[in-house]
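Undergrad: Following this line is protein_31.txt, made up of compact mmCIF, C-alpha atoms:
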# COMPACT_ATOMS: atom_id res chain seq x y z
CA MET A 1 -114.06 158.03 -98.46
CA ALA A 2 -110.57 159.03 -97.30
CA THR A 3 -109.37 155.42 -97.44
CA VAL A 4 -110.56 155.13 -101.04
CA LEU A 5 -108.82 158.39 -101.91
CA ILE A 6 -105.53 157.52 -100.20
CA ASP A 7 -105.45 154.12 -101.93
CA LYS A 8 -105.95 155.81 -105.30
CA LEU A 9 -103.16 158.28 -104.56
CA LEU A 10 -100.74 155.57 -103.43
CA GLU A 11 -101.58 153.42 -106.45
CA ALA A 12 -100.99 156.34 -108.86
CA CYS A 13 -97.75 157.25 -107.05
CA VAL A 14 -96.36 153.71 -107.41
CA LYS A 15 -97.52 153.42 -111.07
CA GLN A 16 -96.07 156.75 -112.15
CA GLY A 17 -92.87 156.32 -110.13
CA ALA A 18 -93.36 159.55 -108.15
CA SER A 19 -90.91 160.01 -105.28
CA ASP A 20 -93.24 162.05 -103.04
CA ILE A 21 -96.91 162.98 -102.53
CA HIS A 22 -97.65 166.42 -101.04
CA ILE A 23 -101.03 166.94 -99.39
CA THR A 24 -102.01 170.38 -98.14
CA VAL A 25 -105.12 172.56 -97.93
CA GLY A 26 -105.98 174.85 -100.86
CA GLN A 27 -104.66 172.77 -103.77
CA PRO A 28 -105.06 169.25 -105.18
CA PRO A 29 -102.55 166.54 -104.18
CA VAL A 30 -99.11 167.12 -105.76
CA PHE A 31 -96.62 164.46 -106.97
CA ARG A 32 -92.86 164.92 -107.24
CA LEU A 33 -91.85 163.26 -110.51
CA HIS A 34 -88.15 163.12 -111.51
CA GLY A 35 -87.45 165.97 -109.10
CA ARG A 36 -90.26 168.29 -110.34
CA LEU A 37 -93.62 169.00 -108.69
CA ARG A 38 -96.83 168.17 -110.63
CA LYS A 39 -100.36 169.02 -109.43
CA LEU A 40 -102.93 166.27 -109.97
CA GLU A 41 -106.08 167.17 -111.87
CA THR A 42 -108.45 166.40 -109.01
CA LYS A 43 -110.40 168.43 -106.45
CA VAL A 44 -108.77 171.12 -104.34
CA LEU A 45 -108.36 169.79 -100.78
CA GLU A 46 -110.39 171.32 -97.93
CA PRO A 47 -109.29 171.21 -94.25
CA ASP A 48 -111.62 168.23 -93.61
CA ASP A 49 -110.05 166.29 -96.52
CA THR A 50 -106.48 166.56 -95.20
CA VAL A 51 -107.61 165.56 -91.67
CA ALA A 52 -109.46 162.51 -93.06
CA LEU A 53 -106.47 161.51 -95.23
CA MET A 54 -104.10 161.84 -92.26
CA LYS A 55 -106.39 159.77 -89.98
CA SER A 56 -106.71 157.03 -92.60
CA ILE A 57 -102.98 156.18 -92.36
CA ALA A 58 -101.49 157.67 -89.14
CA PRO A 59 -101.15 155.40 -86.08
CA GLU A 60 -102.75 156.64 -82.84
CA ARG A 61 -99.39 157.54 -81.22
CA CYS A 62 -98.51 159.76 -84.21
CA GLN A 63 -101.89 161.50 -84.11
CA ARG A 64 -101.24 162.23 -80.41
CA GLU A 65 -97.71 163.50 -81.19
CA LEU A 66 -99.16 165.73 -83.95
CA GLN A 67 -101.55 167.30 -81.42
CA GLU A 68 -98.83 167.74 -78.79
CA VAL A 69 -95.83 168.98 -80.83
CA GLY A 70 -97.33 169.88 -84.22
CA SER A 71 -95.67 167.16 -86.32
CA ALA A 72 -94.88 163.43 -86.45
CA ASP A 73 -93.12 160.91 -88.74
CA PHE A 74 -93.88 157.25 -89.37
CA GLY A 75 -93.47 154.54 -91.98
CA PHE A 76 -96.11 152.21 -93.42
CA ALA A 77 -96.45 149.56 -96.10
CA TYR A 78 -98.89 149.93 -99.00
CA ALA A 79 -99.90 146.30 -99.68
CA ASP A 80 -96.75 144.63 -101.03
CA LYS A 81 -96.15 147.35 -103.61
CA ALA A 82 -94.12 149.92 -101.70
CA ARG A 83 -93.37 151.45 -98.32
CA PHE A 84 -93.87 155.10 -97.52
CA ARG A 85 -92.16 157.39 -95.04
CA VAL A 86 -94.74 159.93 -93.92
CA ALA A 87 -94.31 163.35 -92.32
CA ILE A 88 -97.53 164.87 -90.94
CA PHE A 89 -97.52 168.43 -89.64
CA LYS A 90 -99.65 171.48 -88.93
CA GLN A 91 -99.51 174.61 -91.04
CA ARG A 92 -101.75 177.66 -90.52
CA GLY A 93 -103.74 175.50 -88.13
CA ASN A 94 -104.48 172.89 -90.81
CA ILE A 95 -103.07 169.41 -91.37
CA ALA A 96 -100.53 168.77 -94.15
CA MET A 97 -98.61 165.61 -95.15
CA VAL A 98 -95.69 164.55 -97.29
CA LEU A 99 -95.36 160.87 -98.22
CA ARG A 100 -91.98 159.67 -99.56
CA GLN A 101 -92.07 156.44 -101.56
CA ILE A 102 -89.49 153.83 -100.55
CA PRO A 103 -89.01 151.18 -103.24
CA ASN A 104 -89.60 147.57 -102.22
CA GLU A 105 -86.69 146.03 -104.06
CA MET A 106 -83.13 146.63 -102.93
CA LEU A 107 -80.93 148.12 -105.62
CA SER A 108 -77.31 146.99 -105.75
CA PRO A 109 -74.54 149.56 -105.06
CA ASP A 110 -73.34 148.78 -108.59
CA PHE A 111 -76.73 149.66 -110.11
CA LEU A 112 -76.89 152.91 -108.11
CA GLY A 113 -73.39 153.81 -109.28
CA VAL A 114 -71.90 153.86 -105.75
CA PRO A 115 -68.09 154.24 -106.11
CA GLU A 116 -66.61 150.73 -106.01
CA VAL A 117 -64.20 151.56 -103.20
CA PHE A 118 -67.16 151.82 -100.78
CA THR A 119 -68.17 148.19 -101.28
CA LYS A 120 -64.61 147.36 -100.12
CA LEU A 121 -64.75 149.77 -97.15
CA VAL A 122 -68.00 148.27 -95.80
CA MET A 123 -66.31 144.86 -95.53
CA ARG A 124 -63.65 146.20 -93.17
CA PRO A 125 -63.83 145.03 -89.54
CA ARG A 126 -64.27 148.51 -88.06
CA GLY A 127 -64.63 152.21 -88.82
CA LEU A 128 -67.09 155.01 -89.43
CA ILE A 129 -68.60 155.56 -92.89
CA LEU A 130 -70.65 158.73 -93.39
CA VAL A 131 -73.17 159.06 -96.23
CA THR A 132 -74.15 162.70 -96.63
CA GLY A 133 -76.19 165.01 -98.82
CA PRO A 134 -79.24 167.27 -98.74
CA THR A 135 -82.72 165.90 -97.91
CA GLY A 136 -84.08 163.79 -100.75
CA SER A 137 -80.67 163.05 -102.27
CA GLY A 138 -81.04 159.27 -101.92
CA LYS A 139 -78.93 158.70 -98.77
CA SER A 140 -81.40 156.12 -97.38
CA THR A 141 -81.39 154.19 -100.67
CA THR A 142 -77.57 154.13 -100.76
CA LEU A 143 -77.31 153.00 -97.12
CA ALA A 144 -79.95 150.29 -97.64
CA SER A 145 -78.05 148.98 -100.66
CA LEU A 146 -74.74 148.87 -98.71
CA VAL A 147 -76.39 147.11 -95.74
CA ASN A 148 -77.98 144.62 -98.15
CA TYR A 149 -74.58 144.12 -99.82
CA ILE A 150 -73.15 143.03 -96.44
CA ASN A 151 -76.28 140.98 -95.65
CA GLU A 152 -75.90 138.95 -98.85
CA ARG A 153 -72.18 138.22 -98.37
CA VAL A 154 -71.19 137.73 -94.73
CA ASP A 155 -72.56 136.33 -91.47
CA HIS A 156 -72.71 139.56 -89.46
CA HIS A 157 -75.11 140.87 -86.85
CA ILE A 158 -76.46 144.15 -88.25
CA ILE A 159 -78.40 146.60 -86.06
CA THR A 160 -80.13 149.58 -87.65
CA VAL A 161 -81.49 152.55 -85.68
CA GLU A 162 -83.96 154.56 -87.73
CA ASP A 163 -86.63 157.23 -87.37
CA PRO A 164 -88.82 155.87 -88.91
CA ILE A 165 -87.75 152.48 -90.36
CA GLU A 166 -87.65 152.91 -94.14
CA PHE A 167 -86.37 149.87 -96.02
CA TYR A 168 -87.32 146.53 -94.48
CA HIS A 169 -84.36 144.14 -94.45
CA TYR A 170 -84.68 140.37 -94.15
CA HIS A 171 -82.18 137.91 -92.66
CA LYS A 172 -79.98 136.57 -95.47
CA LYS A 173 -76.41 135.57 -94.54
CA SER A 174 -76.53 138.12 -91.73
CA THR A 175 -78.90 138.51 -88.80
CA ILE A 176 -80.52 141.92 -88.97
CA ASN A 177 -82.43 143.80 -86.24
CA GLN A 178 -84.10 147.13 -87.01
CA ARG A 179 -85.00 149.45 -84.14
CA GLU A 180 -87.33 152.41 -84.59
CA VAL A 181 -86.76 155.52 -82.48
CA GLY A 182 -89.94 156.31 -80.53
CA VAL A 183 -91.24 152.74 -80.87
CA ASP A 184 -88.42 150.36 -79.90
CA VAL A 185 -86.01 152.79 -78.27
CA PRO A 186 -86.27 156.40 -76.98
CA SER A 187 -83.34 157.99 -78.85
CA PHE A 188 -80.52 157.41 -81.33
CA SER A 189 -77.75 157.81 -78.75
CA GLU A 190 -79.45 155.42 -76.31
CA ALA A 191 -79.89 152.86 -79.11
CA ILE A 192 -76.18 152.99 -80.04
CA ARG A 193 -75.07 152.63 -76.41
CA ARG A 194 -77.40 149.64 -75.97
CA ALA A 195 -76.31 148.16 -79.32
CA LEU A 196 -72.76 147.76 -78.04
CA ARG A 197 -74.09 145.09 -75.63
CA GLN A 198 -75.98 143.28 -78.38
CA ASP A 199 -72.94 141.72 -80.07
CA PRO A 200 -73.18 143.79 -83.31
CA ASP A 201 -70.77 143.76 -86.24
CA VAL A 202 -72.50 146.60 -88.12
CA ILE A 203 -74.53 149.50 -86.71
CA LEU A 204 -76.49 151.85 -88.95
CA VAL A 205 -77.43 155.21 -87.39
CA GLY A 206 -80.28 156.76 -89.40
CA GLU A 207 -79.34 160.31 -88.45
CA MET A 208 -76.45 161.82 -86.49
CA ARG A 209 -78.41 164.85 -85.40
CA ASP A 210 -76.96 165.70 -81.97
CA LEU A 211 -73.74 165.65 -79.99
CA GLU A 212 -74.61 162.51 -77.98
CA THR A 213 -75.39 160.52 -81.13
CA ILE A 214 -72.21 161.63 -82.94
CA GLU A 215 -70.14 160.80 -79.85
CA ALA A 216 -71.76 157.36 -79.46
CA ALA A 217 -71.24 156.59 -83.18
CA ILE A 218 -67.52 157.49 -83.05
CA THR A 219 -67.04 155.39 -79.89
CA ALA A 220 -68.81 152.41 -81.52
CA ALA A 221 -66.57 152.72 -84.60
CA GLU A 222 -63.45 152.84 -82.40
CA THR A 223 -64.41 149.71 -80.47
CA GLY A 224 -64.41 147.35 -83.43
CA HIS A 225 -67.64 147.84 -85.38
CA ILE A 226 -68.54 149.17 -88.80
CA VAL A 227 -70.82 152.18 -88.22
CA PHE A 228 -72.83 153.92 -90.94
CA GLY A 229 -74.13 157.40 -90.24
CA THR A 230 -75.82 160.17 -92.22
CA LEU A 231 -75.47 163.95 -92.09
CA HIS A 232 -77.06 166.76 -94.08
CA THR A 233 -73.80 168.11 -95.49
CA ASN A 234 -72.95 168.68 -99.15
CA SER A 235 -69.25 167.82 -99.30
CA ALA A 236 -66.72 165.50 -97.68
CA GLN A 237 -64.67 168.41 -96.33
CA GLY A 238 -67.84 170.03 -94.93
CA THR A 239 -68.82 166.74 -93.29
CA VAL A 240 -65.56 166.41 -91.35
CA ASN A 241 -65.90 170.03 -90.19
CA ARG A 242 -69.54 169.55 -89.18
CA VAL A 243 -68.67 166.57 -86.96
CA ILE A 244 -65.83 168.44 -85.25
CA ASP A 245 -67.87 171.66 -84.86
CA ALA A 246 -70.65 169.72 -83.10
CA PHE A 247 -68.33 169.53 -80.06
CA PRO A 248 -67.48 172.37 -77.66
CA GLY A 249 -64.10 174.02 -78.26
CA ASN A 250 -62.28 172.33 -75.38
CA LEU A 251 -63.14 168.86 -76.78
CA GLN A 252 -62.35 169.53 -80.42
CA ASP A 253 -58.68 168.44 -80.31
CA GLN A 254 -59.65 165.12 -78.75
CA ILE A 255 -62.42 164.58 -81.34
CA ARG A 256 -60.02 165.36 -84.21
CA THR A 257 -57.74 162.61 -82.93
CA GLN A 258 -60.62 160.15 -82.51
CA LEU A 259 -62.10 160.98 -85.91
CA SER A 260 -58.71 160.68 -87.63
CA THR A 261 -58.48 157.04 -86.52
CA SER A 262 -62.16 155.99 -86.71
CA LEU A 263 -63.40 157.65 -89.93
CA ILE A 264 -62.72 155.47 -92.99
CA GLY A 265 -64.83 157.10 -95.71
CA VAL A 266 -67.28 159.87 -96.59
CA LEU A 267 -69.70 159.58 -99.51
CA ALA A 268 -71.52 162.82 -100.36
CA GLN A 269 -74.29 162.52 -102.93
CA THR A 270 -76.79 164.62 -104.82
CA LEU A 271 -79.45 163.71 -107.39
CA LEU A 272 -79.93 165.27 -110.84
CA PRO A 273 -82.55 164.74 -113.56
CA ARG A 274 -81.21 162.17 -116.04
CA ILE A 275 -81.53 162.95 -119.75
CA GLY A 276 -84.39 160.76 -120.98
CA GLY A 277 -86.14 160.54 -117.59
CA GLY A 278 -85.43 159.36 -114.06
CA ARG A 279 -82.66 160.64 -111.85
CA ILE A 280 -78.97 159.94 -111.46
CA ALA A 281 -76.59 160.46 -108.54
CA ALA A 282 -73.42 162.53 -108.57
CA TRP A 283 -70.93 161.45 -105.89
CA GLU A 284 -68.06 162.90 -103.92
CA SER A 285 -65.94 160.21 -102.32
CA LEU A 286 -63.31 160.63 -99.63
CA VAL A 287 -61.27 157.62 -98.53
CA VAL A 288 -59.38 158.26 -95.29
CA THR A 289 -55.77 157.42 -96.15
CA PRO A 290 -52.91 158.04 -93.65
CA GLY A 291 -52.43 161.43 -95.34
CA VAL A 292 -56.09 162.45 -94.90
CA SER A 293 -56.00 161.13 -91.34
CA ASN A 294 -53.10 163.52 -90.61
CA LEU A 295 -55.01 166.47 -92.09
CA ILE A 296 -57.95 165.76 -89.76
CA ARG A 297 -55.72 165.34 -86.71
CA GLU A 298 -53.69 168.47 -87.42
CA ASN A 299 -56.76 170.67 -88.04
CA LYS A 300 -55.93 171.12 -91.74
CA THR A 301 -59.33 170.05 -93.07
CA PHE A 302 -59.20 172.91 -95.61
CA ARG A 303 -56.73 170.72 -97.52
CA ILE A 304 -59.11 167.76 -97.84
CA ASN A 305 -60.42 168.85 -101.25
CA SER A 306 -56.94 168.87 -102.76
CA ALA A 307 -56.29 165.44 -101.17
CA ILE A 308 -59.42 164.15 -102.93
CA GLN A 309 -58.24 165.69 -106.21
CA THR A 310 -54.92 163.88 -106.05
CA GLY A 311 -56.41 160.67 -104.59
CA ALA A 312 -58.05 159.22 -107.72
CA LYS A 313 -55.97 156.04 -107.40
CA PHE A 314 -57.64 155.39 -104.01
CA GLY A 315 -61.12 155.83 -105.53
CA MET A 316 -61.57 159.48 -104.51
CA MET A 317 -63.42 162.08 -106.56
CA LEU A 318 -64.84 165.58 -106.09
CA THR A 319 -68.51 166.32 -106.85
CA ASP A 320 -67.64 168.76 -109.64
CA ASP A 321 -65.43 166.17 -111.40
CA CYS A 322 -68.24 163.63 -111.17
CA LEU A 323 -70.72 166.19 -112.60
CA PHE A 324 -68.29 166.96 -115.44
CA ASN A 325 -68.00 163.26 -116.28
CA LEU A 326 -71.79 162.77 -116.21
CA TRP A 327 -72.10 165.66 -118.67
CA LEU A 328 -69.35 164.22 -120.90
CA ASP A 329 -71.25 160.92 -120.92
CA GLU A 330 -74.37 162.85 -122.03
CA LYS A 331 -76.32 161.65 -119.01
CA VAL A 332 -77.21 165.09 -117.62
CA GLU A 333 -77.75 168.65 -118.85
CA MET A 334 -75.11 171.31 -118.25
CA GLU A 335 -77.59 173.62 -116.41
CA ASP A 336 -78.48 170.85 -113.94
CA CYS A 337 -74.77 170.23 -113.24
CA LEU A 338 -74.12 173.91 -112.56
CA GLY A 339 -77.11 173.96 -110.18
CA LYS A 340 -75.50 171.21 -108.08
CA ALA A 341 -71.83 172.22 -108.40
CA GLN A 342 -69.65 173.13 -105.41
CA ASP A 343 -67.87 175.75 -107.53
CA PRO A 344 -70.22 176.64 -110.42
CA ASP A 345 -67.92 179.32 -111.92
CA SER A 346 -64.96 177.01 -112.28
CA LEU A 347 -67.15 174.16 -113.60
CA ALA A 348 -68.73 176.53 -116.17
CA LYS A 349 -65.22 177.40 -117.39
CA ARG A 350 -64.38 173.70 -117.77
CA PHE A 351 -67.57 173.16 -119.77
CA ALA A 352 -66.74 176.11 -122.02
CA THR A 353 -63.17 174.88 -122.59
CA ALA A 354 -64.32 171.33 -123.32
CA ARG A 355 -66.99 172.54 -125.75
CA ARG A 356 -64.53 174.79 -127.54
CA GLN A 357 -62.04 171.94 -127.88
CA MET A 358 -64.72 169.58 -129.14
CA GLU A 359 -65.72 172.08 -131.81
CA GLU A 360 -62.10 172.77 -132.83
CA GLU A 361 -60.89 169.19 -132.77
CA GLY A 362 -64.08 167.70 -134.12
CA GLY A 363 -64.22 164.72 -131.81
CA LEU A 364 -63.91 163.52 -128.28
CA VAL A 365 -61.82 160.55 -127.15
CA MET A 366 -62.23 159.01 -123.69
CA ASP A 367 -59.13 157.61 -122.04
CA ASP A 368 -59.05 154.87 -119.37
CA GLU A 369 -59.07 157.31 -116.50
CA HIS A 370 -62.26 158.88 -117.87
CA GLU A 371 -60.43 162.14 -118.35
CA TYR A 372 -60.87 163.72 -121.73
CA GLU A 373 -58.37 163.98 -124.56
CA TYR A 374 -58.94 165.24 -128.04
CA GLU A 375 -57.89 163.96 -131.43
CA ASP A 376 -56.33 166.15 -134.05
Output the structure of this file as structure tokens.
TA:
Amino acid sequence: MATVLIDKLLEACVKQGASDIHITVGQPPVFRLHGRLRKLETKVLEPDDTVALMKSIAPERCQRELQEVGSADFGFAYADKARFRVAIFKQRGNIAMVLRQIPNEMLSPDFLGVPEVFTKLVMRPRGLILVTGPTGSGKSTTLASLVNYINERVDHHIITVEDPIEFYHYHKKSTINQREVGVDVPSFSEAIRRALRQDPDVILVGEMRDLETIEAAITAAETGHIVFGTLHTNSAQGTVNRVIDAFPGNLQDQIRTQLSTSLIGVLAQTLLPRIGGGRIAAWESLVVTPGVSNLIRENKTFRINSAIQTGAKFGMMLTDDCLFNLWLDEKVEMEDCLGKAQDPDSLAKRFATARRQMEEEGGLVMDDEHEYEYED
């Protein structure tokens, strides 16, 4: 019975293009569609239902982990239609699950709208690239597309360390090995240390969640590899601070120096509902120029935002400028932009000014730089 039900749910999820399925006691299954939650019109789930659904897809080791620590994560393939990343956990003594759909086809960085400068950065021989953003902001999709971009163009050895493995990559021009934490290797930091002996060119670290992992990633980037990492930070400036603050005070000067030479770019992203359906990403991009490198080394990270503002020619942009441009292009609603803005008050003022000018001037002209000018 549970197998039939889970198949129906997965089928509906793929058909409707839902990003997540939520399963918990006391309500029917819930889909997340275009960022909003929708209850399905089916029966309310009882405790026995959620247990049966969990058992129909969870491997034995994850069921054991659930009993021992109260939660577990794993990935699985639904036929050849999609993969799912699953989190199972206990709540009020019952079993609950969230299944995140991972598309089968790789989307190109171009299609996703990834700033072009990042496809150049990933082809460099060494350095650390951080892709950041809140949970569910599409970091995994962006990273998979950048790894695939390398895979299609150069003969590298790519090692990914993930928990769990999300996108499956296949050998194209590159050789690619994917290691799952808890299955193939005990921890992220151990996997990175081991990777250095496996002749890698590119190392992807699914999550830089502790000091050892961050330290290992920086060392790997310094020793001649391209390293991708992710953090749950909302801005480029915040990301640099988070990495430095992960270290005890007496090590922070040393880490600033290391980071100033190893970090080559930070891409912070967030997703908004797109007008007409679907979702669209807003980006903040920081390219580490000699000037930015000095700011990191000299503990002047508070100046990074103004460096991004003046660094458009290097491909840099602040989130709020990206949101403003998406609104100008009529791709997103103003309210959604303000909900995701770093400085909502100042962005609201820009919207008001732009609207007033549009009304007065009676027309909007785009210039090459995508700034806005108005005709008389």
Undergrad: Just checking: using only C-alpha atoms, which residue out of A:Gln269, A:Asn299, A:Gln27, A:Thr50 ends up closest to Leu231 in chain A?
TA: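 Looking at the shortest contact to Leu231 in chain A, the residue is A:Gln269.
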Undergrad: Compare A:Gln258, A:Ser285, A:Asn325, A:Ser140 by their minimum atom-to-atom distance to Ala312 in chain A, counting all atoms listed in the file, and give me the closest one.
TA: A:Ser285
Undergrad: Would you please work out which residue, of A:Asn148, A:Ser108, A:Ser262, A:Asn250, is nearest to His225 in chain A when using only C-alpha atoms?
TA: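 That would be A:Ser262, the residue with the smallest distance to His225 in chain A.
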Undergrad: Just how far from CA of Glu116 in chain A is CA of Asp155 in chain A, in Å to one decimal?
TA: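 Separation between CA of Asp155 in chain A and CA of Glu116 in chain A: 21.3 Å.
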Undergrad: Within 9 Å of Arg126 in chain A, counting only C-alpha atoms, which residues show up once you throw out same-chain ones fewer than 5 positions away? Write them as a PyMOL selection string, please.
TA: chain A and resi 201-202+220-227+262+264
Undergrad: With only C-alpha atoms as the counted atoms, please give the residues lying no more than 8 Å from range 338-347 of chain A, apart from itself and same-chain residues fewer than 6 positions off, as a list in words.
TA: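 Skipping anything fewer than 6 positions along the chain leaves Thr270, Leu272, Thr319, Asp320, Leu323 and Phe324 of chain A.
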Undergrad: Keeping only C-alpha atoms, write those residues as a JSON list (two decimals), in the coordinates of the input.
TA:
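Written output follows (again.json):
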[["chain", "number", "residue", "atom", "x", "y", "z"],
["A", 270, "THR", "CA", -76.79, 164.62, -104.82],
["A", 272, "LEU", "CA", -79.93, 165.27, -110.84],
["A", 319, "THR", "CA", -68.51, 166.32, -106.85],
["A", 320, "ASP", "CA", -67.64, 168.76, -109.64],
["A", 323, "LEU", "CA", -70.72, 166.19, -112.60],
["A", 324, "PHE", "CA", -68.29, 166.96, -115.44]]
Undergrad: How far is it from CA of Met97 in chain A to CA of Leu112 in chain A, in Å with one decimal?
TA: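 Interatomic distance here is 28.3 Å.
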Undergrad: Quick check, in Å to one decimal: how far apart do CA of Asp80 in chain A and CA of Leu204 in chain A lie?
TA: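 Computing it gives 24.7 Å between the two atoms.
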Undergrad: List as an NGL selection string the protein and nucleic acid residues near range 63-70 of chain A, meaning an atom at most 8 Å away when all atoms listed in the file are counted, but skip any in the same chain fewer than 6 places from it.
TA: :A and (55 or 88-90)
Undergrad: Just checking: using all atoms listed in the file, which residue out of A:Val147, A:Leu263, A:Ala18, A:Ala79 ends up closest to Asn294 in chain A?
TA: A:Leu263
Undergrad: Given the choices A:Leu146, A:Met358, A:Ile203, A:Val181, which gets closest to Ile158 in chain A if the distance is worked out from only C-alpha atoms?
TA: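 Closest to Ile158 in chain A, using only C-alpha atoms: A:Ile203.
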Undergrad: Any idea what's packed within 10 Å of range 5-9 of chain A, counting all atoms listed in the file, ignoring anything in its chain fewer than 6 positions away? Could you give it as a PyMOL selection string?
TA: chain A and resi 15+21+29-31+40+49+52-54+56-57+78-79
Undergrad: Output requested as a PDB file, in the frame of the given file - range 310-327 of chain A, filled out with N, CA and C atoms.
TA:
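As a result, out22.pdb now contains:
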ATOM      1  N   THR A 310     -56.113 164.655-105.700  1.00  0.00           N
ATOM      2  CA  THR A 310     -54.920 163.880-106.050  1.00  0.00           C
ATOM      3  C   THR A 310     -55.065 162.412-105.658  1.00  0.00           C
ATOM      4  N   GLY A 311     -56.252 162.040-105.105  1.00  0.00           N
ATOM      5  CA  GLY A 311     -56.410 160.670-104.590  1.00  0.00           C
ATOM      6  C   GLY A 311     -57.227 159.752-105.481  1.00  0.00           C
ATOM      7  N   ALA A 312     -57.247 160.040-106.802  1.00  0.00           N
ATOM      8  CA  ALA A 312     -58.050 159.220-107.720  1.00  0.00           C
ATOM      9  C   ALA A 312     -57.676 157.737-107.641  1.00  0.00           C
ATOM     10  N   LYS A 313     -56.399 157.458-107.417  1.00  0.00           N
ATOM     11  CA  LYS A 313     -55.970 156.040-107.400  1.00  0.00           C
ATOM     12  C   LYS A 313     -56.550 155.284-106.203  1.00  0.00           C
ATOM     13  N   PHE A 314     -56.999 156.037-105.168  1.00  0.00           N
ATOM     14  CA  PHE A 314     -57.640 155.390-104.010  1.00  0.00           C
ATOM     15  C   PHE A 314     -59.160 155.339-104.159  1.00  0.00           C
ATOM     16  N   GLY A 315     -59.662 155.828-105.316  1.00  0.00           N
ATOM     17  CA  GLY A 315     -61.120 155.830-105.530  1.00  0.00           C
ATOM     18  C   GLY A 315     -61.785 157.119-105.092  1.00  0.00           C
ATOM     19  N   MET A 316     -60.986 158.195-104.946  1.00  0.00           N
ATOM     20  CA  MET A 316     -61.570 159.480-104.510  1.00  0.00           C
ATOM     21  C   MET A 316     -61.969 160.328-105.705  1.00  0.00           C
ATOM     22  N   MET A 317     -62.997 161.162-105.500  1.00  0.00           N
ATOM     23  CA  MET A 317     -63.420 162.080-106.560  1.00  0.00           C
ATOM     24  C   MET A 317     -64.233 163.226-105.969  1.00  0.00           C
ATOM     25  N   LEU A 318     -64.053 164.420-106.516  1.00  0.00           N
ATOM     26  CA  LEU A 318     -64.840 165.580-106.090  1.00  0.00           C
ATOM     27  C   LEU A 318     -66.164 165.622-106.850  1.00  0.00           C
ATOM     28  N   THR A 319     -67.188 166.200-106.221  1.00  0.00           N
ATOM     29  CA  THR A 319     -68.510 166.320-106.850  1.00  0.00           C
ATOM     30  C   THR A 319     -68.411 166.933-108.243  1.00  0.00           C
ATOM     31  N   ASP A 320     -67.659 168.031-108.357  1.00  0.00           N
ATOM     32  CA  ASP A 320     -67.640 168.760-109.640  1.00  0.00           C
ATOM     33  C   ASP A 320     -67.005 167.919-110.750  1.00  0.00           C
ATOM     34  N   ASP A 321     -66.026 167.063-110.398  1.00  0.00           N
ATOM     35  CA  ASP A 321     -65.430 166.170-111.400  1.00  0.00           C
ATOM     36  C   ASP A 321     -66.446 165.114-111.832  1.00  0.00           C
ATOM     37  N   CYS A 322     -67.214 164.628-110.864  1.00  0.00           N
ATOM     38  CA  CYS A 322     -68.240 163.630-111.170  1.00  0.00           C
ATOM     39  C   CYS A 322     -69.310 164.247-112.087  1.00  0.00           C
ATOM     40  N   LEU A 323     -69.713 165.490-111.768  1.00  0.00           N
ATOM     41  CA  LEU A 323     -70.720 166.190-112.600  1.00  0.00           C
ATOM     42  C   LEU A 323     -70.185 166.373-114.021  1.00  0.00           C
ATOM     43  N   PHE A 324     -68.910 166.747-114.126  1.00  0.00           N
ATOM     44  CA  PHE A 324     -68.290 166.960-115.440  1.00  0.00           C
ATOM     45  C   PHE A 324     -68.323 165.663-116.261  1.00  0.00           C
ATOM     46  N   ASN A 325     -67.991 164.550-115.594  1.00  0.00           N
ATOM     47  CA  ASN A 325     -68.000 163.260-116.280  1.00  0.00           C
ATOM     48  C   ASN A 325     -69.401 162.836-116.715  1.00  0.00           C
ATOM     49  N   LEU A 326     -70.397 163.106-115.851  1.00  0.00           N
ATOM     50  CA  LEU A 326     -71.790 162.770-116.210  1.00  0.00           C
ATOM     51  C   LEU A 326     -72.227 163.564-117.439  1.00  0.00           C
ATOM     52  N   TRP A 327     -71.767 164.830-117.498  1.00  0.00           N
ATOM     53  CA  TRP A 327     -72.100 165.660-118.670  1.00  0.00           C
ATOM     54  C   TRP A 327     -71.389 165.140-119.916  1.00  0.00           C
TER      55      TRP A 327
END
